[in-house]
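K.L.:
Take a look at data-v1.csv, CSV, C-alpha atoms and all ligand atoms:
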chain,number,residue,atom,x,y,z
A,1,MET,CA,0.0,0.0,0.0
A,2,THR,CA,1.4,3.4,-0.9
A,3,ALA,CA,1.6,6.0,1.9
A,4,SER,CA,-1.0,8.8,1.9
A,5,PRO,CA,0.4,12.2,0.8
A,6,PHE,CA,-1.1,13.5,3.9
A,7,ASP,CA,0.8,11.1,6.2
A,8,LEU,CA,2.7,12.9,8.9
A,9,ALA,CA,3.4,10.0,11.2
A,10,GLY,CA,6.9,10.1,12.7
A,11,LYS,CA,7.6,13.7,11.8
A,12,THR,CA,8.7,16.4,14.2
A,13,ALA,CA,7.5,20.0,14.7
A,14,LEU,CA,8.2,23.2,16.6
A,15,VAL,CA,5.2,25.5,17.2
A,16,THR,CA,5.6,28.9,18.7
A,17,GLY,CA,2.9,30.5,21.0
A,18,ALA,CA,1.1,27.2,21.5
A,19,ASN,CA,-0.3,27.7,25.0
A,20,THR,CA,-3.6,29.0,23.6
A,21,GLY,CA,-5.7,29.7,20.5
A,22,ILE,CA,-4.4,28.9,17.0
A,23,GLY,CA,-1.0,27.7,18.1
A,24,GLN,CA,-2.5,25.3,20.5
A,25,ALA,CA,-4.9,23.9,17.9
A,26,ILE,CA,-2.1,23.4,15.4
A,27,ALA,CA,0.2,21.7,18.0
A,28,VAL,CA,-2.5,19.3,19.1
A,29,ALA,CA,-3.6,18.6,15.5
A,30,LEU,CA,0.0,17.8,14.5
A,31,ALA,CA,0.3,15.4,17.5
A,32,GLU,CA,-3.0,13.7,16.6
A,33,ALA,CA,-1.5,13.2,13.1
A,34,GLY,CA,1.5,11.4,14.6
A,35,VAL,CA,3.9,14.2,15.0
A,36,ASP,CA,6.3,14.7,18.0
A,37,VAL,CA,5.9,18.4,19.0
A,38,ALA,CA,8.0,21.0,20.7
A,39,VAL,CA,6.1,24.1,21.9
A,40,ALA,CA,8.0,27.4,22.5
A,41,GLY,CA,6.6,30.5,24.2
A,42,ARG,CA,6.6,32.6,27.3
A,43,SER,CA,3.5,31.2,29.2
A,44,GLU,CA,3.3,27.7,30.6
A,45,PRO,CA,1.6,25.6,28.0
A,46,THR,CA,0.2,23.1,30.5
A,47,GLU,CA,-3.0,22.2,28.7
A,48,THR,CA,-1.2,21.9,25.3
A,49,LEU,CA,1.5,19.6,26.7
A,50,ALA,CA,-1.1,17.4,28.3
A,51,ALA,CA,-3.1,17.2,25.0
A,52,ILE,CA,0.0,16.3,23.0
A,53,GLN,CA,1.0,13.6,25.5
A,54,ALA,CA,-2.6,12.2,25.5
A,55,THR,CA,-2.1,11.3,21.8
A,56,GLY,CA,1.0,9.2,22.7
A,57,ARG,CA,3.4,11.6,20.9
A,58,LYS,CA,6.4,13.3,22.5
A,59,ALA,CA,5.9,16.8,23.9
A,60,VAL,CA,8.8,19.1,24.5
A,61,ASN,CA,8.4,22.5,26.3
A,62,ILE,CA,10.8,25.3,25.5
A,63,ALA,CA,10.5,28.6,27.5
A,64,ALA,CA,11.2,31.6,25.3
A,65,ASP,CA,10.1,35.2,25.0
A,66,PHE,CA,10.0,36.1,21.3
A,67,GLY,CA,9.8,39.8,21.9
A,68,SER,CA,13.4,39.8,20.8
A,69,ILE,CA,15.5,37.4,18.6
A,70,GLU,CA,17.8,36.6,21.5
A,71,PRO,CA,16.4,33.1,22.2
A,72,VAL,CA,16.1,31.8,18.6
A,73,GLY,CA,19.3,29.8,18.4
A,74,ARG,CA,18.7,28.2,21.8
A,75,VAL,CA,15.1,27.4,20.9
A,76,VAL,CA,16.1,25.5,17.7
A,77,ASP,CA,18.9,23.7,19.6
A,78,GLU,CA,16.5,22.6,22.4
A,79,ALA,CA,14.0,21.5,19.8
A,80,LEU,CA,16.7,19.4,18.1
A,81,ALA,CA,17.9,18.0,21.4
A,82,GLY,CA,14.3,17.0,22.4
A,83,LEU,CA,13.1,15.8,19.0
A,84,GLY,CA,16.2,14.5,17.3
A,85,ARG,CA,15.5,16.5,14.1
A,86,LEU,CA,13.1,19.2,12.9
A,87,ASP,CA,10.8,18.7,10.0
A,88,ILE,CA,8.2,21.4,10.5
A,89,LEU,CA,8.3,24.9,12.0
A,90,VAL,CA,5.1,26.8,12.7
A,91,ASN,CA,5.7,30.6,13.4
A,92,ASN,CA,2.5,31.4,15.2
A,93,ALA,CA,3.4,33.7,18.2
A,94,GLY,CA,2.1,37.2,17.6
A,95,ILE,CA,0.7,40.3,19.3
A,96,ILE,CA,-1.5,43.2,18.2
A,97,ARG,CA,-1.5,46.8,19.5
A,98,ARG,CA,-4.4,49.2,18.8
A,99,ALA,CA,-4.3,53.0,18.7
A,100,ASP,CA,-5.3,55.8,16.5
A,101,LEU,CA,-2.8,56.4,13.7
A,102,LEU,CA,-1.9,59.9,14.8
A,103,ASP,CA,-1.2,58.7,18.4
A,104,PHE,CA,0.5,55.5,17.5
A,105,GLY,CA,3.7,55.2,19.6
A,106,GLU,CA,7.2,53.9,18.8
A,107,ALA,CA,7.1,51.2,21.6
A,108,ASP,CA,3.9,49.7,20.1
A,109,TRP,CA,5.5,49.8,16.7
A,110,ASP,CA,8.7,48.1,17.8
A,111,ALA,CA,7.0,45.4,19.9
A,112,VAL,CA,4.7,44.3,17.1
A,113,ILE,CA,7.4,44.3,14.4
A,114,ASP,CA,9.9,42.6,16.6
A,115,THR,CA,7.5,39.8,17.8
A,116,ASN,CA,5.5,39.2,14.6
A,117,LEU,CA,8.2,39.7,11.9
A,118,LYS,CA,11.8,40.0,13.1
A,119,THR,CA,11.7,37.0,15.4
A,120,LEU,CA,9.8,35.0,12.8
A,121,PHE,CA,12.5,35.6,10.2
A,122,PHE,CA,15.5,34.8,12.5
A,123,LEU,CA,13.8,31.7,14.0
A,124,SER,CA,13.1,30.5,10.5
A,125,GLN,CA,16.7,31.2,9.5
A,126,ALA,CA,18.0,29.1,12.5
A,127,ALA,CA,15.6,26.2,11.6
A,128,ALA,CA,16.3,26.5,7.9
A,129,ARG,CA,20.0,26.0,8.4
A,130,HIS,CA,19.2,22.5,9.9
A,131,MET,CA,16.4,21.8,7.3
A,132,ALA,CA,18.6,22.8,4.3
A,133,SER,CA,21.4,20.6,5.6
A,134,ARG,CA,19.0,17.6,5.6
A,135,GLY,CA,17.4,18.6,2.2
A,136,SER,CA,13.8,18.8,3.5
A,137,GLY,CA,11.5,20.9,5.7
A,138,LYS,CA,8.3,22.9,6.0
A,139,ILE,CA,8.0,26.4,7.4
A,140,ILE,CA,4.5,27.7,8.0
A,141,ASN,CA,4.1,31.4,9.0
A,142,ILE,CA,0.8,32.6,10.5
A,143,ALA,CA,0.0,35.8,8.6
A,144,SER,CA,-3.4,37.6,8.6
A,145,LEU,CA,-6.0,39.3,6.5
A,146,LEU,CA,-3.9,42.4,7.2
A,147,THR,CA,-1.2,40.8,5.0
A,148,PHE,CA,-3.5,42.0,2.2
A,149,GLN,CA,-5.5,44.9,3.8
A,150,GLY,CA,-4.5,47.9,6.0
A,151,GLY,CA,-7.0,47.6,8.8
A,152,VAL,CA,-7.9,50.4,11.2
A,153,ARG,CA,-5.9,51.5,14.3
A,154,VAL,CA,-3.4,48.6,13.8
A,155,PRO,CA,-0.6,50.1,11.6
A,156,SER,CA,2.3,48.1,13.1
A,157,TYR,CA,0.3,44.9,12.9
A,158,ALA,CA,-0.6,45.5,9.2
A,159,ALA,CA,3.1,46.3,8.5
A,160,ALA,CA,4.3,43.2,10.3
A,161,LYS,CA,1.8,40.9,8.7
A,162,SER,CA,2.3,42.2,5.2
A,163,GLY,CA,6.0,41.8,6.0
A,164,VAL,CA,5.3,38.1,6.9
A,165,GLY,CA,3.8,37.7,3.4
A,166,GLY,CA,7.0,39.2,1.8
A,167,VAL,CA,9.4,37.3,3.9
A,168,THR,CA,7.5,34.0,3.2
A,169,LYS,CA,8.1,34.5,-0.5
A,170,ALA,CA,11.7,35.6,0.0
A,171,MET,CA,12.4,32.5,2.1
A,172,ALA,CA,10.5,30.2,-0.3
A,173,ASN,CA,12.7,31.4,-3.3
A,174,GLU,CA,16.0,30.7,-1.6
A,175,LEU,CA,15.0,27.5,0.2
A,176,ALA,CA,13.1,25.7,-2.6
A,177,PRO,CA,16.3,24.4,-4.2
A,178,LYS,CA,17.2,23.0,-0.8
A,179,GLY,CA,14.0,21.0,-0.5
A,180,VAL,CA,12.4,23.3,2.1
A,181,GLN,CA,8.9,24.8,1.4
A,182,VAL,CA,7.8,28.0,3.1
A,183,ASN,CA,4.2,29.1,3.1
A,184,ALA,CA,1.9,31.3,5.1
A,185,ILE,CA,-1.7,31.0,6.4
A,186,ALA,CA,-3.8,34.1,6.5
A,187,PRO,CA,-6.5,33.5,9.1
A,188,GLY,CA,-9.7,35.4,8.9
A,189,TYR,CA,-11.6,36.3,12.1
A,190,ILE,CA,-10.9,33.4,14.4
A,191,ALA,CA,-12.4,33.1,17.9
A,192,THR,CA,-9.5,33.3,20.3
A,193,ASN,CA,-8.3,35.4,23.2
A,194,ASN,CA,-6.8,37.8,20.6
A,195,THR,CA,-10.3,38.6,19.3
A,196,ALA,CA,-12.3,38.3,22.6
A,197,ALA,CA,-13.0,42.1,22.7
A,198,LEU,CA,-14.4,42.1,19.2
A,199,GLN,CA,-16.6,39.1,19.9
A,200,ALA,CA,-17.9,40.8,23.0
A,201,ASP,CA,-18.7,44.0,21.2
A,202,GLU,CA,-22.2,43.4,19.9
A,203,THR,CA,-22.1,45.9,17.1
A,204,ARG,CA,-18.7,45.0,15.8
A,205,ASN,CA,-19.5,41.3,16.2
A,206,ARG,CA,-22.7,41.7,14.0
A,207,GLN,CA,-20.8,43.7,11.4
A,208,ILE,CA,-18.1,41.1,11.2
A,209,MET,CA,-20.6,38.2,11.0
A,210,GLU,CA,-22.5,40.0,8.2
A,211,ARG,CA,-19.3,40.4,6.2
A,212,ILE,CA,-18.2,36.8,6.4
A,213,PRO,CA,-19.7,34.7,3.5
A,214,ALA,CA,-19.5,31.5,5.6
A,215,GLY,CA,-21.7,33.3,8.3
A,216,ARG,CA,-19.6,32.4,11.3
A,217,TRP,CA,-16.3,33.1,13.1
A,218,GLY,CA,-13.5,30.8,12.3
A,219,ARG,CA,-12.3,28.2,14.8
A,220,PRO,CA,-8.7,27.6,15.7
A,221,GLN,CA,-9.2,24.1,14.2
A,222,ASP,CA,-10.0,25.6,10.8
A,223,ILE,CA,-6.4,27.0,10.8
A,224,ALA,CA,-5.0,23.7,12.0
A,225,GLY,CA,-6.5,21.9,9.0
A,226,ALA,CA,-4.6,24.2,6.6
A,227,ALA,CA,-1.5,23.8,8.7
A,228,LEU,CA,-1.7,20.0,8.4
A,229,PHE,CA,-1.9,20.3,4.6
A,230,LEU,CA,1.1,22.7,4.4
A,231,ALA,CA,3.1,20.4,6.8
A,232,SER,CA,2.4,17.2,4.8
A,233,PRO,CA,4.0,15.8,1.6
A,234,ALA,CA,0.7,16.7,-0.2
A,235,SER,CA,2.0,20.3,-0.4
A,236,ASP,CA,5.6,19.4,-1.5
A,237,TYR,CA,5.1,21.5,-4.7
A,238,VAL,CA,3.4,24.4,-2.9
A,239,THR,CA,5.9,27.1,-1.8
A,240,GLY,CA,5.7,30.9,-1.3
A,241,HIS,CA,2.0,30.7,-1.1
A,242,ILE,CA,-0.3,32.7,1.3
A,243,LEU,CA,-3.4,30.6,2.0
A,244,ALA,CA,-6.3,32.6,3.3
A,245,VAL,CA,-8.6,30.6,5.6
A,246,ASP,CA,-11.3,33.2,6.1
A,247,GLY,CA,-14.7,31.8,5.4
A,248,GLY,CA,-14.6,33.7,2.1
A,249,TRP,CA,-13.8,37.2,3.5
A,250,LEU,CA,-11.3,38.1,0.8
A,251,ALA,CA,-13.6,36.7,-1.9
A,252,ARG,CA,-16.3,39.2,-1.1
B,1,LIG,P1,-3.5,34.2,21.2
B,1,LIG,O1,-3.3,35.5,21.9
B,1,LIG,O2,-4.4,33.1,21.7
B,1,LIG,O3,-2.1,33.5,20.9
B,1,LIG,C1,-0.9,34.3,20.6
B,1,LIG,C2,0.2,33.4,21.1
B,1,LIG,O4,1.5,34.1,20.8
B,1,LIG,C3,0.2,33.1,22.6
B,1,LIG,O5,0.7,31.8,22.8
B,1,LIG,C4,1.1,34.2,23.1
B,1,LIG,O6,1.7,33.8,24.4
B,1,LIG,C5,2.2,34.1,22.0
B,1,LIG,N1,3.1,35.3,22.2
B,1,LIG,C6,2.8,36.6,22.1
B,1,LIG,N2,3.9,37.3,22.3
B,1,LIG,C7,4.9,36.5,22.7
B,1,LIG,C8,6.2,36.6,23.0
B,1,LIG,N3,6.8,37.8,23.2
B,1,LIG,N4,7.0,35.5,23.3
B,1,LIG,C9,6.4,34.3,23.2
B,1,LIG,N5,5.1,34.0,22.8
B,1,LIG,C10,4.4,35.1,22.6
B,1,LIG,O7,-4.0,34.6,19.7
B,1,LIG,P2,-4.3,33.8,18.4
B,1,LIG,O8,-4.3,32.3,18.6
B,1,LIG,O9,-5.5,34.4,17.8
B,1,LIG,O10,-3.1,34.3,17.5
B,1,LIG,C11,-2.1,33.4,17.0
B,1,LIG,C12,-1.6,34.0,15.7
B,1,LIG,O11,-2.6,34.1,14.7
B,1,LIG,C13,-0.9,35.4,15.9
B,1,LIG,O12,0.2,35.5,15.0
B,1,LIG,C14,-2.0,36.3,15.3
B,1,LIG,O13,-1.5,37.5,14.8
B,1,LIG,C15,-2.6,35.4,14.2
B,1,LIG,N6,-3.9,35.8,13.7
B,1,LIG,C16,-5.0,35.6,14.5
B,1,LIG,C17,-6.3,36.0,14.0
B,1,LIG,C18,-7.5,35.8,14.9
B,1,LIG,O14,-8.6,36.2,14.4
B,1,LIG,N7,-7.5,35.2,16.0
B,1,LIG,C19,-6.5,36.5,12.7
B,1,LIG,C20,-5.2,36.6,11.9
B,1,LIG,C21,-4.0,36.2,12.5
B,1,LIG,P3,1.1,34.5,25.7
B,1,LIG,O15,-0.2,33.7,26.0
B,1,LIG,O16,2.2,34.3,26.7
B,1,LIG,O17,0.7,35.9,25.4
Turn this file's structure into structure tokens for me.
Ligand code: NDP
P.N.:
Amino acid sequence: MTASPFDLAGKTALVTGANTGIGQAIAVALAEAGVDVAVAGRSEPTETLAAIQATGRKAVNIAADFGSIEPVGRVVDEALAGLGRLDILVNNAGIIRRADLLDFGEADWDAVIDTNLKTLFFLSQAAARHMASRGSGKIINIASLLTFQGGVRVPSYAAAKSGVGGVTKAMANELAPKGVQVNAIAPGYIATNNTAALQADETRNRQIMERIPAGRWGRPQDIAGAALFLASPASDYVTGHILAVDGGWLAR
């Protein structure tokens, strides 16, 4: 019997920001698909580690604050020490800061660019050195609808996430000959802590729901499904792509 192109059994992955939300759903879905998973972030990912272990796969916890690039080399070293090798990197950790454009401050600019874009690049670079030397690997960057749109009151987030789109393509170009695919997922409105305030605001929630052709908020598991595809051999000829998972938002 030939192996399914979606088969991930025996692979290894590093997922950032996996204590909650989209990162948690991706880490657990990978483990359910047979992947040993290292999770890296600044908060204790107790629930995620337990869910990975419940699948019978190995769970590795790496404490790291991605507000700067200082930990990236150590994080990849610890993932390699714990997992033996690294097949998949999911750059998910991210923050958003909101303020009127005319009042937007430098600290909020730097924090969002550093966490969402600069660290994503340098962590990918550290992982790619290992993947390129082995001739295979998958890097999946979590982008946003604001990779394509400007948004309102979130200029550093829009800049960072459109940068994620650009750097995804830049990395894909140079890593394709080395057998490493680099893609991004652009989630639409997904119900997580990140969007709790929007969900709680009755007017904004109604406006958002009316604008989504699928008629509902996305779930973290919707993003995990796309991540499994981009992590699997089924996507070996897909690279430099930004996959919107948005219930049709961009199609409207
Ligand atoms: P969450 O707030 O639930 O998850 C964000 C994760 O990033 C958390 O694990 C958080 O850790 C981690 N993180 C943030 N800053 C740092 C840091 N300095 N060091 C280490 N880890 C950090 O939100 P989501 O699940 O919604 O977001 C996940 C990704 O999806 C983000 O990149 C976000 O921009 C993106 N996204 C989300 C959308 C949505 O609608 N929810 C839409 C489009 C994109 P901690 O708990 O410690 O803060």
K.L.:
Kindly give the distance, in Å, that separates atom O7 of ligand LIG 1 (chain B) and atom CA of Thr168 of chain A, rounded to a single decimal.
P.N.:
20.1 Å
K.L.:
Kindly provide, as a PyMOL selection string, all nucleotide and amino acid residues lying within 8 Å of ligand LIG 1 (chain B), counting all atoms listed in the file.
P.N.:
chain A and resi 16-24+40-44+64-68+91-96+115-116+142-146+157+161+186-195+218+220
K.L.:
Per residue of segment 52-139 of chain A within 6 Å of segment 175-180 of chain A, note the shortest atom pair and the distance in Å to one decimal, counting all atoms listed in the file, and order the rows by chain and increasing residue number, as a Markdown table.
P.N.:
| residue | atom | partner | partner_atom | distance |
| --- | --- | --- | --- | --- |
| A:Ala132 | CA | A:Lys178 | CA | 5.3 |
| A:Gly135 | CA | A:Gly179 | CA | 5.0 |
| A:Ser136 | CA | A:Gly179 | CA | 4.6 |
| A:Gly137 | CA | A:Val180 | CA | 4.4 |
| A:Lys138 | CA | A:Val180 | CA | 5.7 |
K.L.:
Can you measure atom CA of Ala38 of chain A to atom CA of Asn61 of chain A for me? One decimal in Å is fine.
P.N.:
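Interatomic distance, atom CA of Ala38 of chain A to atom CA of Asn61 of chain A: 5.8 Å.
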K.L.:
Give as a PyMOL selection string the set of residues within 12 Å of the point (-3.6, 13.3, 21.9), where distances use the file's coordinates and all atoms listed in the file.
P.N.:
chain A and resi 25+27-37+47-59
K.L.:
Could the residues in this selection be written to a file with C-alpha atoms, as a JSON list (two decimals), in the coordinates of the input?
P.N.:
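Okay, this is what ended up in result07.json:
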[["chain", "number", "residue", "atom", "x", "y", "z"],
["A", 25, "ALA", "CA", -4.90, 23.90, 17.90],
["A", 27, "ALA", "CA", 0.20, 21.70, 18.00],
["A", 28, "VAL", "CA", -2.50, 19.30, 19.10],
["A", 29, "ALA", "CA", -3.60, 18.60, 15.50],
["A", 30, "LEU", "CA", 0.00, 17.80, 14.50],
["A", 31, "ALA", "CA", 0.30, 15.40, 17.50],
["A", 32, "GLU", "CA", -3.00, 13.70, 16.60],
["A", 33, "ALA", "CA", -1.50, 13.20, 13.10],
["A", 34, "GLY", "CA", 1.50, 11.40, 14.60],
["A", 35, "VAL", "CA", 3.90, 14.20, 15.00],
["A", 36, "ASP", "CA", 6.30, 14.70, 18.00],
["A", 37, "VAL", "CA", 5.90, 18.40, 19.00],
["A", 47, "GLU", "CA", -3.00, 22.20, 28.70],
["A", 48, "THR", "CA", -1.20, 21.90, 25.30],
["A", 49, "LEU", "CA", 1.50, 19.60, 26.70],
["A", 50, "ALA", "CA", -1.10, 17.40, 28.30],
["A", 51, "ALA", "CA", -3.10, 17.20, 25.00],
["A", 52, "ILE", "CA", 0.00, 16.30, 23.00],
["A", 53, "GLN", "CA", 1.00, 13.60, 25.50],
["A", 54, "ALA", "CA", -2.60, 12.20, 25.50],
["A", 55, "THR", "CA", -2.10, 11.30, 21.80],
["A", 56, "GLY", "CA", 1.00, 9.20, 22.70],
["A", 57, "ARG", "CA", 3.40, 11.60, 20.90],
["A", 58, "LYS", "CA", 6.40, 13.30, 22.50],
["A", 59, "ALA", "CA", 5.90, 16.80, 23.90]]
K.L.:
When you look at Val90 of chain A with a cut-off of 8 Å (counting all atoms listed in the file), what residues show up, excluding the ones that are within fewer than 5 positions of it in the same chain? I need them as a list in words.
P.N.:
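Counting all atoms listed in the file, the residues come to Ala13, Leu14, Val15, Thr16, Ile139, Ile140, Asn141 and Ile142 of chain A.
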K.L.:
Can you write just those residues out, C-alpha atoms, as an mmCIF file, in the coordinates of the input?
P.N.:
data_model
loop_
_atom_site.group_PDB
_atom_site.id
_atom_site.type_symbol
_atom_site.label_atom_id
_atom_site.label_comp_id
_atom_site.auth_asym_id
_atom_site.auth_seq_id
_atom_site.Cartn_x
_atom_site.Cartn_y
_atom_site.Cartn_z
ATOM 1 C CA ALA A 13 7.500 20.000 14.700
ATOM 2 C CA LEU A 14 8.200 23.200 16.600
ATOM 3 C CA VAL A 15 5.200 25.500 17.200
ATOM 4 C CA THR A 16 5.600 28.900 18.700
ATOM 5 C CA ILE A 139 8.000 26.400 7.400
ATOM 6 C CA ILE A 140 4.500 27.700 8.000
ATOM 7 C CA ASN A 141 4.100 31.400 9.000
ATOM 8 C CA ILE A 142 0.800 32.600 10.500
#
K.L.:
Which residue out of A:Ala227, A:Ala126, A:Val245, A:Ala251 has the minimum interatomic distance to Phe6 of chain A when only C-alpha atoms are used?
P.N.:
A:Ala227
K.L.:
Tell me, in Å to one decimal, how far atom CA of Ala79 of chain A is from atom CA of Gly240 of chain A.
P.N.:
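Result for atom CA of Ala79 of chain A versus atom CA of Gly240 of chain A: 24.5 Å, one decimal.
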K.L.:
Considering all atoms listed in the file, can you say which of A:Leu117, A:Met209, A:Leu243, A:Gly84 comes closest to Gly225 of chain A?
P.N.:
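Of the candidates, the smallest distance to Gly225 of chain A is held by A:Leu243.
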K.L.:
Find the residues around Pro155 of chain A up to 10 Å (only C-alpha atoms counted), leave out those fewer than 4 positions away in its own chain, and share them as an MDAnalysis selection string.
P.N.:
chainID A and resid 96:101 104 108:109 112 146 150:151 159:161
K.L.:
Write out, as a CSV table (one decimal), in the coordinates of the input, the residues just selected, with C-alpha atoms.
P.N.:
chain,number,residue,atom,x,y,z
A,96,ILE,CA,-1.5,43.2,18.2
A,97,ARG,CA,-1.5,46.8,19.5
A,98,ARG,CA,-4.4,49.2,18.8
A,99,ALA,CA,-4.3,53.0,18.7
A,100,ASP,CA,-5.3,55.8,16.5
A,101,LEU,CA,-2.8,56.4,13.7
A,104,PHE,CA,0.5,55.5,17.5
A,108,ASP,CA,3.9,49.7,20.1
A,109,TRP,CA,5.5,49.8,16.7
A,112,VAL,CA,4.7,44.3,17.1
A,146,LEU,CA,-3.9,42.4,7.2
A,150,GLY,CA,-4.5,47.9,6.0
A,151,GLY,CA,-7.0,47.6,8.8
A,159,ALA,CA,3.1,46.3,8.5
A,160,ALA,CA,4.3,43.2,10.3
A,161,LYS,CA,1.8,40.9,8.7
K.L.:
Which residue gives the smallest distance to Ser156 of chain A among A:Asn183, A:Phe121, A:Asp114, A:Lys169, with all atoms listed in the file counted?
P.N.:
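Closest candidate: A:Asp114.
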K.L.:
Give me the residues near Gln207 of chain A as a list of chain:residue names, where near means some atom within 12 Å (using only C-alpha atoms) and where sequence neighbours in that chain fewer than 4 positions away do not count.
P.N.:
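What passes the distance filter is A:Tyr189, A:Leu198, A:Gln199, A:Asp201, A:Glu202, A:Thr203, A:Arg211, A:Ile212, A:Gly215, A:Arg216, A:Trp217.
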K.L.:
Which residue gives the smallest distance to Pro233 of chain A among A:Ile88, A:Val75, A:Ala214, A:Ile26, with only C-alpha atoms counted?
P.N.:
A:Ile88
